[in-house]
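*Asks:* What follows is input-v3.pdb, PDB, N, CA and C atoms, pLDDT in the B column.
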ATOM      1  N   MET I   1       0.820  -1.175   0.000  1.00 72.00           N
ATOM      2  CA  MET I   1       0.000   0.000   0.000  1.00 72.00           C
ATOM      3  C   MET I   1       0.876   1.256   0.000  1.00 72.00           C
ATOM      4  N   GLN I   2       1.984   1.220   0.696  1.00 73.00           N
ATOM      5  CA  GLN I   2       2.862   2.388   0.743  1.00 73.00           C
ATOM      6  C   GLN I   2       3.437   2.696  -0.631  1.00 73.00           C
ATOM      7  N   VAL I   3       3.776   1.657  -1.369  1.00 76.00           N
ATOM      8  CA  VAL I   3       4.316   1.849  -2.714  1.00 76.00           C
ATOM      9  C   VAL I   3       3.249   2.458  -3.617  1.00 76.00           C
ATOM     10  N   ILE I   4       2.049   1.947  -3.533  1.00 73.00           N
ATOM     11  CA  ILE I   4       0.954   2.476  -4.348  1.00 73.00           C
ATOM     12  C   ILE I   4       0.676   3.932  -3.977  1.00 73.00           C
ATOM     13  N   ALA I   5       0.642   4.228  -2.683  1.00 70.00           N
ATOM     14  CA  ALA I   5       0.375   5.591  -2.228  1.00 70.00           C
ATOM     15  C   ALA I   5       1.459   6.553  -2.681  1.00 70.00           C
ATOM     16  N   ALA I   6       2.697   6.086  -2.687  1.00 74.00           N
ATOM     17  CA  ALA I   6       3.808   6.935  -3.118  1.00 74.00           C
ATOM     18  C   ALA I   6       3.686   7.309  -4.593  1.00 74.00           C
ATOM     19  N   GLN I   7       3.036   6.461  -5.367  1.00 77.00           N
ATOM     20  CA  GLN I   7       2.886   6.710  -6.803  1.00 77.00           C
ATOM     21  C   GLN I   7       1.602   7.463  -7.136  1.00 77.00           C
ATOM     22  N   SER I   8       0.737   7.643  -6.144  1.00 81.00           N
ATOM     23  CA  SER I   8      -0.549   8.292  -6.391  1.00 81.00           C
ATOM     24  C   SER I   8      -0.822   9.362  -5.334  1.00 81.00           C
ATOM     25  N   PRO I   9      -0.654  10.623  -5.694  1.00 84.00           N
ATOM     26  CA  PRO I   9      -0.945  11.693  -4.739  1.00 84.00           C
ATOM     27  C   PRO I   9      -2.400  11.663  -4.267  1.00 84.00           C
ATOM     28  N   HIS I  10      -3.313  11.286  -5.167  1.00 86.00           N
ATOM     29  CA  HIS I  10      -4.731  11.196  -4.791  1.00 86.00           C
ATOM     30  C   HIS I  10      -4.942  10.142  -3.707  1.00 86.00           C
ATOM     31  N   LEU I  11      -4.365   8.994  -3.905  1.00 90.00           N
ATOM     32  CA  LEU I  11      -4.501   7.912  -2.934  1.00 90.00           C
ATOM     33  C   LEU I  11      -3.809   8.276  -1.625  1.00 90.00           C
ATOM     34  N   ASN I  12      -2.668   8.889  -1.701  1.00 88.00           N
ATOM     35  CA  ASN I  12      -1.965   9.321  -0.501  1.00 88.00           C
ATOM     36  C   ASN I  12      -2.827  10.314   0.286  1.00 88.00           C
ATOM     37  N   GLY I  13      -3.491  11.213  -0.419  1.00 91.00           N
ATOM     38  CA  GLY I  13      -4.398  12.151   0.233  1.00 91.00           C
ATOM     39  C   GLY I  13      -5.563  11.443   0.904  1.00 91.00           C
ATOM     40  N   MET I  14      -6.025  10.384   0.279  1.00 93.00           N
ATOM     41  CA  MET I  14      -7.123   9.612   0.878  1.00 93.00           C
ATOM     42  C   MET I  14      -6.654   8.923   2.157  1.00 93.00           C
ATOM     43  N   PHE I  15      -5.424   8.419   2.151  1.00 92.00           N
ATOM     44  CA  PHE I  15      -4.879   7.801   3.365  1.00 92.00           C
ATOM     45  C   PHE I  15      -4.794   8.827   4.496  1.00 92.00           C
ATOM     46  N   GLU I  16      -4.360  10.031   4.156  1.00 93.00           N
ATOM     47  CA  GLU I  16      -4.263  11.078   5.168  1.00 93.00           C
ATOM     48  C   GLU I  16      -5.645  11.465   5.703  1.00 93.00           C
ATOM     49  N   ALA I  17      -6.627  11.567   4.809  1.00 96.00           N
ATOM     50  CA  ALA I  17      -7.984  11.892   5.223  1.00 96.00           C
ATOM     51  C   ALA I  17      -8.547  10.791   6.120  1.00 96.00           C
ATOM     52  N   TYR I  18      -8.260   9.539   5.763  1.00 96.00           N
ATOM     53  CA  TYR I  18      -8.735   8.420   6.579  1.00 96.00           C
ATOM     54  C   TYR I  18      -8.114   8.472   7.971  1.00 96.00           C
ATOM     55  N   GLU I  19      -6.819   8.736   8.021  1.00 96.00           N
ATOM     56  CA  GLU I  19      -6.150   8.793   9.320  1.00 96.00           C
ATOM     57  C   GLU I  19      -6.777   9.864  10.206  1.00 96.00           C
ATOM     58  N   GLU I  20      -7.024  11.031   9.657  1.00 97.00           N
ATOM     59  CA  GLU I  20      -7.635  12.110  10.431  1.00 97.00           C
ATOM     60  C   GLU I  20      -9.035  11.727  10.893  1.00 97.00           C
ATOM     61  N   ALA I  21      -9.818  11.153  10.002  1.00 97.00           N
ATOM     62  CA  ALA I  21     -11.185  10.762  10.351  1.00 97.00           C
ATOM     63  C   ALA I  21     -11.184   9.659  11.404  1.00 97.00           C
ATOM     64  N   TYR I  22     -10.292   8.694  11.275  1.00 98.00           N
ATOM     65  CA  TYR I  22     -10.242   7.573  12.206  1.00 98.00           C
ATOM     66  C   TYR I  22      -9.786   8.018  13.601  1.00 98.00           C
ATOM     67  N   VAL I  23      -8.801   8.897  13.657  1.00 97.00           N
ATOM     68  CA  VAL I  23      -8.328   9.412  14.940  1.00 97.00           C
ATOM     69  C   VAL I  23      -9.446  10.192  15.629  1.00 97.00           C
ATOM     70  N   THR I  24     -10.165  10.996  14.859  1.00 96.00           N
ATOM     71  CA  THR I  24     -11.289  11.750  15.415  1.00 96.00           C
ATOM     72  C   THR I  24     -12.376  10.812  15.904  1.00 96.00           C
ATOM     73  N   LEU I  25     -12.685   9.789  15.121  1.00 96.00           N
ATOM     74  CA  LEU I  25     -13.678   8.797  15.526  1.00 96.00           C
ATOM     75  C   LEU I  25     -13.284   8.133  16.837  1.00 96.00           C
ATOM     76  N   GLN I  26     -12.043   7.719  16.952  1.00 95.00           N
ATOM     77  CA  GLN I  26     -11.585   7.076  18.185  1.00 95.00           C
ATOM     78  C   GLN I  26     -11.728   8.015  19.380  1.00 95.00           C
ATOM     79  N   ARG I  27     -11.401   9.277  19.178  1.00 94.00           N
ATOM     80  CA  ARG I  27     -11.513  10.242  20.263  1.00 94.00           C
ATOM     81  C   ARG I  27     -12.975  10.391  20.694  1.00 94.00           C
ATOM     82  N   PHE I  28     -13.882  10.522  19.726  1.00 93.00           N
ATOM     83  CA  PHE I  28     -15.303  10.633  20.048  1.00 93.00           C
ATOM     84  C   PHE I  28     -15.788   9.387  20.793  1.00 93.00           C
ATOM     85  N   GLN I  29     -15.364   8.211  20.354  1.00 92.00           N
ATOM     86  CA  GLN I  29     -15.803   6.976  20.989  1.00 92.00           C
ATOM     87  C   GLN I  29     -15.323   6.875  22.434  1.00 92.00           C
ATOM     88  N   LYS I  30     -14.144   7.382  22.714  1.00 92.00           N
ATOM     89  CA  LYS I  30     -13.600   7.325  24.073  1.00 92.00           C
ATOM     90  C   LYS I  30     -14.231   8.365  24.989  1.00 92.00           C
ATOM     91  N   GLU I  31     -14.506   9.539  24.438  1.00 90.00           N
ATOM     92  CA  GLU I  31     -14.921  10.669  25.260  1.00 90.00           C
ATOM     93  C   GLU I  31     -16.427  10.835  25.387  1.00 90.00           C
ATOM     94  N   ARG I  32     -17.185  10.256  24.488  1.00 85.00           N
ATOM     95  CA  ARG I  32     -18.619  10.548  24.458  1.00 85.00           C
ATOM     96  C   ARG I  32     -19.454   9.289  24.316  1.00 85.00           C
ATOM     97  N   ASP I  33     -20.671   9.399  24.762  1.00 81.00           N
ATOM     98  CA  ASP I  33     -21.647   8.334  24.609  1.00 81.00           C
ATOM     99  C   ASP I  33     -22.230   8.402  23.200  1.00 81.00           C
ATOM    100  N   ARG I  34     -22.426   7.259  22.586  1.00 77.00           N
ATOM    101  CA  ARG I  34     -22.947   7.192  21.214  1.00 77.00           C
ATOM    102  C   ARG I  34     -24.260   7.963  21.080  1.00 77.00           C
ATOM    103  N   ASN I  35     -25.119   7.885  22.088  1.00 81.00           N
ATOM    104  CA  ASN I  35     -26.420   8.552  22.028  1.00 81.00           C
ATOM    105  C   ASN I  35     -26.296  10.072  22.109  1.00 81.00           C
ATOM    106  N   ASP I  36     -25.235  10.557  22.727  1.00 81.00           N
ATOM    107  CA  ASP I  36     -25.042  11.995  22.884  1.00 81.00           C
ATOM    108  C   ASP I  36     -24.183  12.602  21.786  1.00 81.00           C
ATOM    109  N   CYS I  37     -23.663  11.779  20.913  1.00 86.00           N
ATOM    110  CA  CYS I  37     -22.747  12.291  19.887  1.00 86.00           C
ATOM    111  C   CYS I  37     -23.074  11.692  18.514  1.00 86.00           C
ATOM    112  N   PRO I  38     -23.940  12.369  17.771  1.00 89.00           N
ATOM    113  CA  PRO I  38     -24.274  11.853  16.430  1.00 89.00           C
ATOM    114  C   PRO I  38     -23.083  11.854  15.484  1.00 89.00           C
ATOM    115  N   LEU I  39     -22.022  12.579  15.846  1.00 93.00           N
ATOM    116  CA  LEU I  39     -20.840  12.594  14.989  1.00 93.00           C
ATOM    117  C   LEU I  39     -20.147  11.241  14.931  1.00 93.00           C
ATOM    118  N   ILE I  40     -20.356  10.398  15.932  1.00 94.00           N
ATOM    119  CA  ILE I  40     -19.752   9.062  15.914  1.00 94.00           C
ATOM    120  C   ILE I  40     -20.229   8.297  14.687  1.00 94.00           C
ATOM    121  N   GLU I  41     -21.523   8.280  14.486  1.00 93.00           N
ATOM    122  CA  GLU I  41     -22.065   7.560  13.318  1.00 93.00           C
ATOM    123  C   GLU I  41     -21.595   8.206  12.015  1.00 93.00           C
ATOM    124  N   GLU I  42     -21.537   9.527  12.000  1.00 95.00           N
ATOM    125  CA  GLU I  42     -21.081  10.224  10.798  1.00 95.00           C
ATOM    126  C   GLU I  42     -19.633   9.869  10.462  1.00 95.00           C
ATOM    127  N   TYR I  43     -18.777   9.811  11.479  1.00 96.00           N
ATOM    128  CA  TYR I  43     -17.377   9.475  11.227  1.00 96.00           C
ATOM    129  C   TYR I  43     -17.199   7.999  10.906  1.00 96.00           C
ATOM    130  N   GLU I  44     -18.030   7.131  11.465  1.00 96.00           N
ATOM    131  CA  GLU I  44     -17.984   5.716  11.081  1.00 96.00           C
ATOM    132  C   GLU I  44     -18.321   5.569   9.598  1.00 96.00           C
ATOM    133  N   THR I  45     -19.326   6.298   9.153  1.00 97.00           N
ATOM    134  CA  THR I  45     -19.721   6.260   7.752  1.00 97.00           C
ATOM    135  C   THR I  45     -18.613   6.823   6.864  1.00 97.00           C
ATOM    136  N   LEU I  46     -18.031   7.933   7.285  1.00 97.00           N
ATOM    137  CA  LEU I  46     -16.949   8.549   6.517  1.00 97.00           C
ATOM    138  C   LEU I  46     -15.774   7.589   6.358  1.00 97.00           C
ATOM    139  N   CYS I  47     -15.369   6.953   7.447  1.00 98.00           N
ATOM    140  CA  CYS I  47     -14.258   5.993   7.385  1.00 98.00           C
ATOM    141  C   CYS I  47     -14.581   4.840   6.446  1.00 98.00           C
ATOM    142  N   SER I  48     -15.791   4.344   6.536  1.00 98.00           N
ATOM    143  CA  SER I  48     -16.211   3.239   5.676  1.00 98.00           C
ATOM    144  C   SER I  48     -16.202   3.644   4.205  1.00 98.00           C
ATOM    145  N   GLU I  49     -16.658   4.854   3.910  1.00 97.00           N
ATOM    146  CA  GLU I  49     -16.667   5.326   2.526  1.00 97.00           C
ATOM    147  C   GLU I  49     -15.249   5.499   1.988  1.00 97.00           C
ATOM    148  N   ILE I  50     -14.357   6.020   2.813  1.00 96.00           N
ATOM    149  CA  ILE I  50     -12.969   6.175   2.369  1.00 96.00           C
ATOM    150  C   ILE I  50     -12.345   4.813   2.117  1.00 96.00           C
ATOM    151  N   GLU I  51     -12.607   3.846   3.002  1.00 95.00           N
ATOM    152  CA  GLU I  51     -12.093   2.487   2.810  1.00 95.00           C
ATOM    153  C   GLU I  51     -12.576   1.914   1.481  1.00 95.00           C
ATOM    154  N   SER I  52     -13.845   2.095   1.181  1.00 95.00           N
ATOM    155  CA  SER I  52     -14.404   1.586  -0.074  1.00 95.00           C
ATOM    156  C   SER I  52     -13.762   2.242  -1.282  1.00 95.00           C
ATOM    157  N   ASP I  53     -13.559   3.559  -1.199  1.00 92.00           N
ATOM    158  CA  ASP I  53     -12.923   4.277  -2.304  1.00 92.00           C
ATOM    159  C   ASP I  53     -11.492   3.800  -2.521  1.00 92.00           C
ATOM    160  N   VAL I  54     -10.759   3.601  -1.442  1.00 91.00           N
ATOM    161  CA  VAL I  54      -9.369   3.134  -1.550  1.00 91.00           C
ATOM    162  C   VAL I  54      -9.339   1.745  -2.193  1.00 91.00           C
ATOM    163  N   LEU I  55     -10.210   0.871  -1.734  1.00 90.00           N
ATOM    164  CA  LEU I  55     -10.259  -0.471  -2.323  1.00 90.00           C
ATOM    165  C   LEU I  55     -10.576  -0.407  -3.814  1.00 90.00           C
ATOM    166  N   SER I  56     -11.499   0.461  -4.191  1.00 89.00           N
ATOM    167  CA  SER I  56     -11.842   0.601  -5.603  1.00 89.00           C
ATOM    168  C   SER I  56     -10.635   1.038  -6.420  1.00 89.00           C
ATOM    169  N   ILE I  57      -9.885   1.986  -5.885  1.00 86.00           N
ATOM    170  CA  ILE I  57      -8.693   2.464  -6.602  1.00 86.00           C
ATOM    171  C   ILE I  57      -7.656   1.369  -6.698  1.00 86.00           C
ATOM    172  N   VAL I  58      -7.377   0.701  -5.585  1.00 84.00           N
ATOM    173  CA  VAL I  58      -6.351  -0.326  -5.553  1.00 84.00           C
ATOM    174  C   VAL I  58      -6.716  -1.495  -6.474  1.00 84.00           C
ATOM    175  N   LEU I  59      -7.993  -1.816  -6.529  1.00 86.00           N
ATOM    176  CA  LEU I  59      -8.444  -2.927  -7.379  1.00 86.00           C
ATOM    177  C   LEU I  59      -8.689  -2.498  -8.818  1.00 86.00           C
ATOM    178  N   GLY I  60      -8.517  -1.196  -9.100  1.00 83.00           N
ATOM    179  CA  GLY I  60      -8.617  -0.726 -10.466  1.00 83.00           C
ATOM    180  C   GLY I  60      -9.996  -0.334 -10.932  1.00 83.00           C
ATOM    181  N   ASP I  61     -10.980  -0.265 -10.041  1.00 63.00           N
ATOM    182  CA  ASP I  61     -12.349   0.111 -10.423  1.00 63.00           C
ATOM    183  C   ASP I  61     -12.578   1.560 -10.037  1.00 63.00           C
ATOM    184  N   THR I  62     -12.175   2.487 -10.884  1.00 54.00           N
ATOM    185  CA  THR I  62     -12.333   3.901 -10.583  1.00 54.00           C
ATOM    186  C   THR I  62     -13.694   4.440 -11.007  1.00 54.00           C
ATOM    187  N   THR I  63     -14.547   3.612 -11.598  1.00 58.00           N
ATOM    188  CA  THR I  63     -15.866   4.084 -12.026  1.00 58.00           C
ATOM    189  C   THR I  63     -16.794   4.328 -10.848  1.00 58.00           C
ATOM    190  N   SER I  64     -16.535   3.716  -9.686  1.00 52.00           N
ATOM    191  CA  SER I  64     -17.420   3.897  -8.526  1.00 52.00           C
ATOM    192  C   SER I  64     -17.028   5.086  -7.679  1.00 52.00           C
ATOM    193  N   ILE I  65     -15.977   5.797  -8.060  1.00 55.00           N
ATOM    194  CA  ILE I  65     -15.496   6.941  -7.266  1.00 55.00           C
ATOM    195  C   ILE I  65     -16.030   8.228  -7.839  1.00 55.00           C
TER     196      ILE I  65
END
Take the structure in this file and express it as structure tokens.
*Replies:*
Amino acid sequence: MQVIAAQSPHLNGMFEAYEEAYVTLQRFQKERDRNDCPLIEEYETLCSEIESDVLSIVLGDTTSI
């Protein structure tokens, strides 16, 4: 994955966005109750969407992005 990211600035940017979203999600999960923080679900969805986009790129299916 590191080799692929090094060759693709777009993919590298997606990795960085995922890292930021995942770190934020973890912080929300530790500090807040799921019922009191709707952002938890939003960040879970965001992380999942980024994962799907990365897989599509890595597998060569850029039509779903």
*Asks:* Any idea what the distance is between atom CA of Pro38 of chain I and atom C of Ser52 of chain I?
*Replies:*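 About the pair atom CA of Pro38 of chain I and atom C of Ser52 of chain I: they are 22.7 Å apart.
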*Asks:* Work out how far apart atom C of Ala6 of chain I and atom N of Leu46 of chain I are and give it in Å to one decimal.
*Replies:* 24.8 Å
*Asks:* Can you tell me, as a PyMOL selection string, what residues are no more than 12 Å from Glu49 of chain I when counting only C-alpha atoms, ignoring any on the same chain fewer than 6 positions away?
*Replies:* chain I and resi 14+17-18+21-22+42-43+55-56+64-65
*Asks:* Would you work out the distance separating atom C of Thr24 of chain I from atom CA of Ile40 of chain I, expressed in Å to one decimal?
*Replies:*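 Rounded to one decimal, the two atoms are 7.6 Å apart.
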*Asks:* For segment 36-46 of chain I, take all atoms listed in the file, fit an axis-aligned box around them, add 4 Å to each of the six sides, then output centre and edge lengths in Å rounded to one decimal, as lines of an AutoDock Vina configuration file.
*Replies:*
center_x = -20.5
center_y = 9.1
center_z = 14.6
size_x = 17.5
size_y = 15.0
size_z = 24.5
*Asks:* To test your reading of the syntax: which residues would the PyMOL selection byres (((chain I and resi 4 and name CA) around 12) and name CA) return for the file shown? Reply as a list in words.
*Replies:*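 Output of the PyMOL selection byres (((chain I and resi 4 and name CA) around 12) and name CA): Met1, Gln2, Val3, Ala5, Ala6, Gln7, Ser8, Pro9, His10, Leu11, Asn12, Gly13, Met14, Phe15, Val54, Leu55, Ile57, Val58, Leu59 and Gly60 of chain I.
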*Asks:* Could you pull out the alpha helix (DSSP H) residues of segment 22-56 of chain I, going by DSSP on the backbone, and write them as a list in words?
*Replies:*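 Taking segment 22-56 of chain I and keeping alpha helix (DSSP H) only, one gets Tyr22, Val23, Thr24, Leu25, Gln26, Arg27, Phe28, Gln29, Lys30, Glu31, Leu39, Ile40, Glu41, Glu42, Tyr43, Glu44, Thr45, Leu46, Cys47, Ser48, Glu49, Ile50, Glu51, Ser52, Asp53, Val54, Leu55 and Ser56 of chain I.
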